[in-house]
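See below for coords-v4.cif, which holds mmCIF, C-alpha atoms and all ligand atoms.
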```
data_my_file
loop_
_atom_site.label_atom_id
_atom_site.label_comp_id
_atom_site.auth_asym_id
_atom_site.auth_seq_id
_atom_site.Cartn_x
_atom_site.Cartn_y
_atom_site.Cartn_z
CA MET A 1278 0.00 0.00 0.00
CA ASP A 1279 2.79 2.42 0.94
CA LYS A 1280 4.56 1.52 -2.27
CA ILE A 1281 1.47 2.45 -4.31
CA THR A 1282 1.04 5.75 -2.39
CA ASN A 1283 4.69 6.66 -2.91
CA ALA A 1284 4.43 5.88 -6.62
CA ARG A 1285 1.38 8.17 -6.96
CA ARG A 1286 3.17 10.95 -5.07
CA LEU A 1287 6.19 10.50 -7.31
CA PHE A 1288 3.96 10.61 -10.41
CA HIS A 1289 2.19 13.80 -9.23
CA LEU A 1290 5.50 15.43 -8.40
CA SER A 1291 6.89 14.63 -11.83
CA GLN A 1292 3.77 16.11 -13.45
CA ILE A 1293 4.11 19.29 -11.41
CA LEU A 1294 7.79 19.53 -12.39
CA LEU A 1295 6.89 18.97 -16.04
CA CYS A 1296 4.25 21.70 -15.94
CA ALA A 1297 6.66 24.08 -14.24
CA LEU A 1298 9.31 23.33 -16.83
CA THR A 1299 6.82 23.92 -19.68
CA LEU A 1300 5.75 27.24 -18.16
CA LEU A 1301 9.38 28.23 -17.77
CA LEU A 1302 10.10 27.40 -21.43
CA LEU A 1303 7.04 29.38 -22.56
CA LEU A 1304 8.15 32.32 -20.44
CA ILE A 1305 11.64 32.20 -21.99
CA MET A 1306 10.18 32.05 -25.53
CA LEU A 1307 7.89 35.02 -24.89
CA THR A 1308 10.68 37.17 -23.51
CA THR A 1309 13.15 36.38 -26.31
CA THR A 1310 10.74 36.75 -29.39
CA PRO A 1311 10.87 40.35 -30.74
CA SER A 1312 7.49 42.04 -30.60
CA SER A 1313 6.15 44.48 -33.15
CA ALA A 1314 6.01 47.16 -30.49
CA SER A 1315 9.74 46.94 -29.94
CA THR A 1316 10.63 47.22 -33.67
CA PRO A 1317 12.38 50.54 -34.25
CA LEU A 1318 10.53 52.98 -36.52
CA ALA A 1319 11.91 53.74 -39.97
CA PRO A 1320 13.93 56.95 -39.89
CA PRO A 1321 12.21 60.00 -41.37
CA ARG A 1322 12.94 60.59 -45.04
CA ALA A 1323 14.89 63.81 -45.06
CA GLU A 1324 15.29 63.62 -48.84
CA CYS A 1325 11.54 63.91 -49.35
CA SER A 1326 11.68 67.67 -49.19
CA THR A 1327 13.42 67.76 -52.55
CA ALA A 1328 11.42 65.01 -54.22
CA ALA A 1329 9.57 65.62 -57.47
CA LEU A 1330 6.32 66.81 -55.95
CA TYR A 1331 4.14 66.72 -59.01
CA LEU A 1332 4.20 63.16 -60.24
CA PRO A 1333 0.92 62.20 -61.85
CA VAL A 1334 -1.93 60.56 -60.01
CA ILE A 1335 -1.54 57.51 -62.16
CA GLN A 1336 -4.59 55.65 -60.96
CA THR A 1337 -6.96 58.38 -62.13
CA ILE A 1338 -5.68 58.55 -65.68
CA ASP A 1339 -8.05 57.09 -68.24
CA PHE A 1340 -6.68 55.29 -71.27
CA ALA A 1341 -8.67 54.28 -74.29
CA ASP A 1342 -7.65 51.66 -76.80
CA SER A 1343 -5.41 53.39 -79.32
CA ALA A 1344 -1.76 53.05 -80.27
CA SER A 1345 -0.76 56.52 -79.13
CA LYS A 1346 -2.39 56.08 -75.74
CA HIS A 1347 -0.67 52.76 -75.21
CA THR A 1348 2.61 54.58 -75.75
CA GLN A 1349 1.56 57.03 -73.08
CA GLN A 1350 0.69 54.18 -70.72
CA ARG A 1351 4.16 52.73 -71.04
CA GLN A 1352 5.71 56.08 -70.25
CA LEU A 1353 3.61 56.37 -67.12
CA ASP A 1354 4.59 52.90 -66.02
CA ASP A 1355 8.25 53.81 -66.41
CA ILE A 1356 8.04 56.65 -63.89
CA PRO A 1357 9.89 55.69 -60.69
CA ARG A 1358 7.41 55.40 -57.85
CA ASN A 1359 8.89 57.69 -55.24
CA PRO A 1360 7.44 56.81 -51.80
CA CYS A 1361 7.91 60.42 -50.72
CA VAL A 1362 5.51 61.75 -53.32
CA GLN A 1363 2.01 62.44 -52.17
CA PRO A 1364 -0.57 62.19 -54.95
CA ALA A 1365 -1.01 65.83 -55.91
CA PRO A 1366 -3.26 66.44 -58.90
CA TRP A 1367 -1.59 69.74 -59.75
CA GLY A 1368 -0.23 70.66 -63.13
CA ASP A 1369 -0.14 73.42 -65.70
CA LEU A 1370 -3.16 74.59 -67.65
CA GLY A 1371 -3.94 77.40 -70.07
CA ASP A 1372 -5.68 80.68 -69.23
CA ALA A 1373 -7.67 81.60 -72.36
CA PRO A 1374 -11.36 82.33 -71.64
CA ASP A 1375 -13.12 79.00 -71.45
CA GLY A 1376 -16.15 77.72 -73.31
CA LEU A 1377 -16.55 74.34 -71.62
CA ALA A 1378 -17.14 75.10 -67.94
CA GLY A 1379 -20.82 76.03 -68.34
CA ILE A 1380 -20.29 79.71 -67.45
CA PRO A 1381 -20.09 82.01 -70.51
CA MET A 1382 -16.85 83.95 -70.92
CA THR A 1383 -15.93 86.72 -73.32
CA ALA A 1384 -13.27 86.26 -75.99
CA TYR A 1385 -13.36 89.78 -77.42
CA ILE A 1386 -15.13 93.10 -76.94
CA THR A 1387 -15.95 94.66 -80.29
CA LEU A 1388 -16.72 98.28 -80.98
CA THR A 1389 -18.83 99.05 -84.05
CA THR A 1390 -20.30 102.37 -85.13
CA ASN A 1391 -23.81 102.32 -86.56
CA LEU A 1392 -24.40 105.78 -88.05
CA THR A 1393 -23.11 107.90 -85.18
CA THR A 1394 -23.65 105.53 -82.25
CA PRO A 1395 -20.69 103.41 -81.11
CA THR A 1396 -21.90 99.98 -80.00
CA ARG A 1397 -20.04 97.50 -77.86
CA GLY A 1398 -20.45 93.86 -78.77
CA ARG A 1399 -19.26 90.65 -77.25
CA ILE A 1400 -17.76 87.59 -78.93
CA ALA A 1401 -18.28 84.54 -76.73
CA ALA A 1402 -15.27 82.37 -75.89
CA HIS A 1403 -15.28 78.73 -76.94
CA PHE A 1404 -11.69 77.91 -76.07
CA PRO A 1405 -11.05 74.61 -74.22
CA THR A 1406 -9.17 75.56 -71.06
CA VAL A 1407 -10.69 73.88 -67.98
CA PHE A 1408 -9.55 70.24 -67.64
CA PHE A 1409 -12.07 67.45 -67.19
CA ALA A 1410 -10.38 64.08 -66.71
CA GLY A 1411 -11.54 61.46 -69.17
CA VAL A 1412 -12.96 63.76 -71.85
CA PRO A 1413 -11.31 66.02 -74.46
CA SER A 1414 -10.92 69.32 -72.67
CA GLY A 1415 -8.30 71.92 -71.86
CA PRO A 1416 -4.70 70.68 -71.95
CA PHE A 1417 -3.31 69.56 -68.60
CA HIS A 1418 0.41 68.97 -68.02
CA TYR A 1419 1.49 66.89 -65.03
CA VAL A 1420 4.94 68.55 -65.23
CA VAL A 1421 7.02 65.47 -64.52
CA SER A 1422 10.59 66.43 -63.64
CA PRO A 1423 13.11 66.45 -65.26
CA GLY A 1424 11.09 67.82 -68.14
CA ALA A 1425 10.70 70.80 -70.44
CA TYR A 1426 8.57 73.94 -70.45
CA LEU A 1427 8.07 77.26 -72.22
CA GLY A 1428 10.13 80.27 -71.14
CA SER A 1429 11.97 80.02 -67.86
CA ALA A 1430 9.07 79.75 -65.41
CA ILE A 1431 6.05 77.53 -64.89
CA SER A 1432 3.25 77.90 -62.37
CA LEU A 1433 1.15 74.97 -61.27
CA GLU A 1434 -2.53 74.91 -60.45
CA GLU A 1435 -5.21 72.40 -59.52
CA ASN A 1436 -7.41 73.42 -62.44
CA ALA A 1437 -7.78 76.52 -64.60
CA TYR A 1438 -10.49 78.08 -62.43
CA THR A 1439 -9.40 77.07 -58.91
CA ILE A 1440 -7.68 79.36 -56.43
CA SER A 1441 -5.25 76.50 -55.64
CA ASP A 1442 -2.50 78.00 -57.77
CA THR A 1443 1.19 78.43 -57.04
CA ASP A 1444 1.23 81.96 -58.46
CA GLY A 1445 -1.54 83.06 -56.10
CA LEU A 1446 -4.19 83.79 -58.74
CA PRO A 1447 -6.51 81.41 -60.60
CA ASN A 1448 -5.88 81.27 -64.34
CA LEU A 1449 -9.56 82.08 -64.90
CA ASP A 1450 -12.14 83.89 -62.81
CA LEU A 1451 -15.32 82.40 -64.26
CA ILE A 1452 -17.68 84.51 -62.16
CA ASN A 1453 -16.13 87.85 -63.08
CA ASP A 1454 -15.27 86.85 -66.69
CA LEU A 1455 -11.53 87.37 -66.21
CA ALA A 1456 -8.86 85.38 -68.05
CA ASP A 1457 -5.13 85.49 -68.85
CA MET A 1458 -3.91 85.29 -65.23
CA ASP A 1459 -1.34 82.46 -65.33
CA GLY A 1460 1.88 83.75 -63.77
CA GLY A 1461 4.11 81.38 -65.77
CA ASP A 1462 3.32 82.62 -69.28
CA ASP A 1463 6.76 83.93 -70.19
CA GLY A 1464 7.79 81.90 -73.24
CA LEU A 1465 6.48 83.93 -76.21
CA ASN A 1466 8.88 86.39 -77.74
CA VAL A 1467 7.03 87.64 -80.83
CA VAL A 1468 4.85 86.66 -83.79
CA TYR A 1469 5.21 88.71 -86.98
CA ASP A 1470 2.66 90.23 -89.34
CA LEU A 1471 -0.52 88.64 -88.07
CA GLN A 1472 -2.43 91.52 -89.66
CA GLU A 1473 -1.79 89.96 -93.08
CA PRO A 1474 -4.04 87.07 -94.21
CA CYS A 1475 -2.63 84.10 -96.10
CA ILE A 1476 1.09 84.80 -95.77
CA GLU A 1477 4.07 82.82 -94.53
CA THR A 1478 5.41 84.33 -91.33
CA GLU A 1479 7.35 83.43 -88.16
CA MET A 1480 6.96 83.14 -84.42
CA ALA A 1481 9.71 83.04 -81.78
CA PHE A 1482 9.59 81.70 -78.23
CA THR A 1483 11.96 80.25 -75.63
CA VAL A 1484 12.04 76.70 -74.29
CA THR A 1485 13.79 75.36 -71.20
CA VAL A 1486 14.85 71.71 -71.06
CA GLU A 1487 15.91 70.54 -67.61
CA SER A 1488 19.12 68.61 -67.03
CA GLY A 1489 18.57 64.88 -67.33
CA PHE A 1490 15.56 65.10 -69.66
CA THR A 1491 16.01 62.65 -72.53
CA GLY A 1492 12.59 62.70 -74.20
CA THR A 1493 11.30 64.58 -77.24
CA VAL A 1494 8.94 67.53 -77.00
CA TYR A 1495 6.82 69.19 -79.68
CA ALA A 1496 5.29 72.63 -80.11
CA ASN A 1497 1.72 73.28 -81.21
CA ALA A 1498 0.11 76.67 -81.76
CA TRP A 1499 -3.47 77.74 -82.45
CA PHE A 1500 -4.34 81.30 -83.60
CA ASP A 1501 -7.90 82.63 -83.62
CA PHE A 1502 -7.26 84.38 -86.93
CA ASN A 1503 -10.93 85.09 -87.65
CA ARG A 1504 -11.68 86.20 -84.05
CA ASP A 1505 -14.73 83.99 -83.67
CA GLY A 1506 -13.74 82.57 -80.28
CA TYR A 1507 -12.77 79.14 -81.68
CA TRP A 1508 -9.41 77.67 -82.67
CA ASP A 1509 -10.73 75.08 -85.11
CA GLY A 1510 -11.09 77.25 -88.22
CA VAL A 1511 -10.04 76.00 -91.67
CA ASP A 1512 -10.18 78.12 -94.83
CA TYR A 1513 -8.76 78.28 -98.33
CA CYS A 1514 -6.04 80.73 -99.34
CA HIS A 1515 -6.36 81.35 -103.07
CA ASN A 1516 -2.94 82.96 -103.37
CA LEU A 1517 -1.35 79.85 -101.83
CA GLN A 1518 -3.79 77.45 -103.49
CA ARG A 1519 -4.23 75.40 -100.35
CA ARG A 1520 -6.24 75.08 -97.19
CA VAL A 1521 -4.89 76.74 -94.05
CA LYS A 1522 -5.81 75.99 -90.46
CA GLU A 1523 -5.95 78.09 -87.30
CA TRP A 1524 -3.95 75.19 -85.83
CA ALA A 1525 -0.94 76.82 -87.49
CA VAL A 1526 1.90 74.87 -85.84
CA GLN A 1527 1.38 71.12 -85.59
CA ASP A 1528 3.72 68.86 -83.62
CA ALA A 1529 6.90 70.73 -84.53
CA PRO A 1530 9.80 68.86 -82.86
CA ILE A 1531 11.79 71.08 -80.49
CA THR A 1532 15.48 70.40 -79.90
CA VAL A 1533 17.09 72.13 -76.94
CA ALA A 1534 20.24 70.99 -75.09
CA PRO A 1535 19.36 69.71 -71.59
CA GLY A 1536 20.10 72.25 -68.89
CA THR A 1537 19.60 75.25 -71.18
CA THR A 1538 16.98 77.76 -72.32
CA GLN A 1539 17.00 78.51 -76.04
CA LEU A 1540 15.14 80.71 -78.52
CA ILE A 1541 13.06 78.74 -81.03
CA THR A 1542 11.83 80.19 -84.32
CA LEU A 1543 9.08 78.44 -86.30
CA SER A 1544 7.34 79.32 -89.52
CA LEU A 1545 3.57 79.37 -89.93
CA THR A 1546 0.92 80.42 -92.43
CA THR A 1547 -1.76 82.91 -91.49
CA PHE A 1548 -5.39 82.13 -92.13
CA HIS A 1549 -7.86 83.91 -94.35
CA PHE A 1550 -9.85 86.51 -92.39
CA ASP A 1551 -11.86 89.66 -92.87
CA GLU A 1552 -9.94 92.94 -93.19
CA SER A 1553 -12.08 94.54 -90.50
CA VAL A 1554 -10.45 92.38 -87.82
CA ALA A 1555 -6.89 92.52 -89.17
CA TRP A 1556 -5.53 94.68 -86.35
CA GLU A 1557 -7.82 93.43 -83.59
CA PRO A 1558 -6.53 91.41 -80.59
CA MET A 1559 -6.24 87.66 -81.21
CA TRP A 1560 -6.05 84.69 -78.82
CA LEU A 1561 -3.05 82.39 -79.25
CA ARG A 1562 -2.49 79.03 -77.54
CA LEU A 1563 1.11 77.81 -77.50
CA THR A 1564 1.66 74.31 -76.12
CA LEU A 1565 4.82 72.34 -75.49
CA SER A 1566 4.29 68.64 -74.80
CA GLU A 1567 5.45 65.13 -75.62
CA GLY A 1568 2.98 65.18 -78.53
CA ARG A 1569 -0.64 66.11 -78.90
CA GLY A 1570 -1.80 62.54 -79.53
CA ASP A 1571 -5.27 62.33 -80.99
CA ALA A 1572 -6.86 65.35 -79.29
CA PRO A 1573 -9.37 67.35 -81.37
CA PRO A 1574 -7.82 70.13 -83.51
CA ASP A 1575 -9.29 73.01 -81.50
CA GLY A 1576 -6.65 73.61 -78.84
CA SER A 1577 -7.84 70.77 -76.59
CA GLY A 1578 -5.50 68.39 -74.82
CA PRO A 1579 -5.82 64.63 -74.46
CA SER A 1580 -8.25 63.30 -71.87
CA TYR A 1581 -5.40 61.70 -69.91
CA GLY A 1582 -3.26 64.86 -69.79
CA TYR A 1583 0.33 65.40 -70.82
CA LEU A 1584 3.31 64.30 -68.75
CA TYR A 1585 5.59 67.14 -69.80
CA GLY A 1586 5.50 70.69 -71.03
CA GLU A 1587 3.32 73.72 -70.55
CA THR A 1588 0.44 75.56 -72.18
CA GLU A 1589 0.67 79.34 -72.49
CA ASP A 1590 -2.23 81.44 -73.82
CA TYR A 1591 -1.83 85.03 -75.00
CA LEU A 1592 -4.19 87.78 -76.11
CA LEU A 1593 -1.96 89.10 -78.88
CA THR A 1594 -1.95 92.74 -79.90
CA PRO A 1595 0.27 94.48 -82.48
CA LEU A 1596 3.21 96.43 -81.13
CA CYS A 1597 2.31 99.26 -83.47
CA LYS A 1598 -0.39 100.22 -85.93
CA PRO A 1599 0.06 102.04 -89.23
CA ASN A 1600 -1.94 105.05 -88.16
CA ILE A 1601 -0.04 105.33 -84.87
CA SER A 1602 3.58 104.65 -85.63
CA GLU A 1603 5.75 104.97 -88.70
CA GLN A 1604 7.69 101.93 -87.50
CA CYS A 1605 4.94 99.75 -88.88
CA ARG A 1606 5.98 100.52 -92.44
CA PRO A 1607 6.86 98.86 -94.62
CA SER A 1608 6.04 95.59 -92.83
CA ARG A 1609 7.10 93.10 -90.14
CA VAL A 1610 4.84 94.12 -87.36
CA GLY A 1611 5.52 92.30 -84.12
CA TRP A 1612 2.61 90.95 -82.07
CA THR A 1613 2.88 89.99 -78.39
CA GLY A 1614 0.61 89.36 -75.44
CA CA B 1701 6.38 79.39 -68.93
CA CA B 1702 0.28 77.55 -64.91
CA CA B 1703 -1.75 83.95 -70.38
CA CA B 1704 -11.31 81.02 -84.99
#
```
Could you write out this file's structure as structure tokens?
Amino acid sequence: MDKITNARRLFHLSQILLCALTLLLLLIMLTTTPSSASTPLAPPRAECSTAALYLPVIQTIDFADSASKHTQQRQLDDIPRNPCVQPAPWGDLGDAPDGLAGIPMTAYITLTTNLTTPTRGRIAAHFPTVFFAGVPSGPFHYVVSPGAYLGSAISLEENAYTISDTDGLPNLDLINDLADMDGGDDGLNVVYDLQEPCIETEMAFTVTVESGFTGTVYANAWFDFNRDGYWDGVDYCHNLQRRVKEWAVQDAPITVAPGTTQLITLSLTTFHFDESVAWEPMWLRLTLSEGRGDAPPDGSGPSYGYLYGETEDYLLTPLCKPNISEQCRPSRVGWTG
């Protein structure tokens, strides 16, 4: 009987020791396994302050099924994904009075004299300036860096009409019918002899290409030669025996050494227009981009935006008029905005 009792005691004691040993092992394992709370935090990214802040919001860009857009898709995929970059849908847009935003804007004020009464008229603007993602609308440049732009400055904005704008003013004030307020429009030098219909002439502007940029950029320019508030005009010049478009410069390749700003001179043909508007102000859109793709020929940009470049809009006026200055004779009148 005593032997049985002792055996039971010994068995219980061994079980207690086994449990204690198990608990001890568990305790050791718990204290030696690193916990998530003890993992040191990643150091702050000091280099983020100089990161390219305006990379595109890739997930919002809409691509349709065409060869040119597939090319664009590949370019987007090649952009290094910088973890510092916060999605910031800012870019560069034009500032010509818009005809797409649902609020009428004025392209030109006209002054006509009926008998003895001067009458002010208004030509409505139909220029595509405000950007609507996914539809043909005003050109939008994501301004990927290193890149290229017109002149030596570029200002970024959220959209053409928003007060979120790095130059402090919206490009357009839709409510008060104000346009031409982009602070980065500094590229145009001069356009010559726009008062003459159906002639070959020239325009000059500067382009900056940032160091490290290896792509190709193109210039496009639209002139509202007939002052009707649209940039899609096409007419026939009998003296030239061909059709001429208000889209006067089409995908002209621009070559500038990286890290420099250079003056570019391009030729263009003026459109046929009425003599009565020959000296009147005229809206010009000048765009630098990686190519206009298949956007409509009215100054619009592609629905997915451009990666590079800038759009600058100008209300051109002649530097002199024949009845004001002798400098206008014999010809070569400069126009600027
Ligand atoms: Ca500029
Ligand atoms: Ca701008
Ligand atoms: Ca402007
Ligand atoms: Ca026109």
(request) Using all atoms listed in the file, determine which residues fall within 7 Å of ligand CA 1701 (chain B), then list them as a ChimeraX atom specification. (result) /A:1426-1431,1461-1464,1587,1589
(request) Write out as a ChimeraX atom specification each polymer residue (protein, DNA or RNA) that has an atom no more than 9 Å from ligand CA 1703 (chain B), with all atoms listed in the file counted. (result) /A:1371-1373,1448,1456-1463,1562,1588-1592,1614
(request) Using only C-alpha atoms, determine which residues lie at most 12 Å from stretch 1516-1521 of chain A, disregarding the query and same-chain residues fewer than 2 positions distant; provide the list as an MDAnalysis selection string. (result) chainID A and resid 1474:1477 1499:1500 1502 1509:1514 1523:1527 1545:1550
Within 6 Å of ligand CA 1704 (chain B), counting all atoms listed in the file, residues as a short mmCIF file (atom, residue, chain, number, x, y, z; two decimals) with C-alpha atoms, in the coordinates of the input:
```cif
data_model
loop_
_atom_site.label_atom_id
_atom_site.label_comp_id
_atom_site.auth_asym_id
_atom_site.auth_seq_id
_atom_site.Cartn_x
_atom_site.Cartn_y
_atom_site.Cartn_z
CA ASP A 1501 -7.90 82.63 -83.62
CA PHE A 1502 -7.26 84.38 -86.93
CA ASN A 1503 -10.93 85.09 -87.65
CA ARG A 1504 -11.68 86.20 -84.05
CA ASP A 1505 -14.73 83.99 -83.67
CA GLY A 1506 -13.74 82.57 -80.28
CA TYR A 1507 -12.77 79.14 -81.68
CA TRP A 1508 -9.41 77.67 -82.67
CA ASP A 1509 -10.73 75.08 -85.11
CA GLY A 1510 -11.09 77.25 -88.22
#
```
(request) Have a look at A:Thr1485, A:Thr1491, A:Thr1538, A:Ser1441 and name the one nearest to ligand CA 1702 (chain B); count only C-alpha atoms and all ligand atoms. (result) A:Ser1441
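Distance-wise, atom CA of A:Ser1432 and atom CA of A:Ile1400 end up 28.5 Å apart.
Going from atom CA of A:Thr1564 to atom CA of A:Trp1367 covers 17.3 Å.
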(request) Work out how far apart atom CA of A:Val1484 and atom CA of A:Gln1539 are and give it in Å to one decimal. (result) 5.6 Å
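Using all atoms listed in the file, the smallest distance between any of A:Asp1450, A:Glu1557, A:Asp1369, A:Asp1444 and A:Phe1408 comes from A:Asp1369.
Neighbours of A:Ala1378 closer than or equal to 12 Å, with all atoms listed in the file counted and sequence neighbours fewer than 4 positions away skipped, come out as Pro1374, Met1382, Ala1402, His1403, Phe1404, Pro1405, Thr1406, Val1407, Phe1408, Phe1409, Ser1414, Gly1415, Asn1436, Ala1437, Tyr1438, Leu1449, Asp1450, Leu1451, Ile1452 and Asp1454 of chain A.
For the choices A:Thr1396, A:Thr1439, A:Ser1422, A:Thr1594, the atom-to-atom distance to ligand CA 1702 (chain B) is smallest for A:Thr1439 when using all atoms listed in the file.
Between A:Ser1544 and the residues A:Asp1470, A:Glu1479, A:Glu1435, A:Asp1442, the shortest atom-to-atom distance, using all atoms listed in the file, involves A:Glu1479.
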(request) Name the closest residue to A:Leu1561 among the candidates A:Ser1577, A:Thr1493, A:Thr1394, A:Thr1613; distances are taken between atoms, counting all atoms listed in the file. (result) A:Thr1613
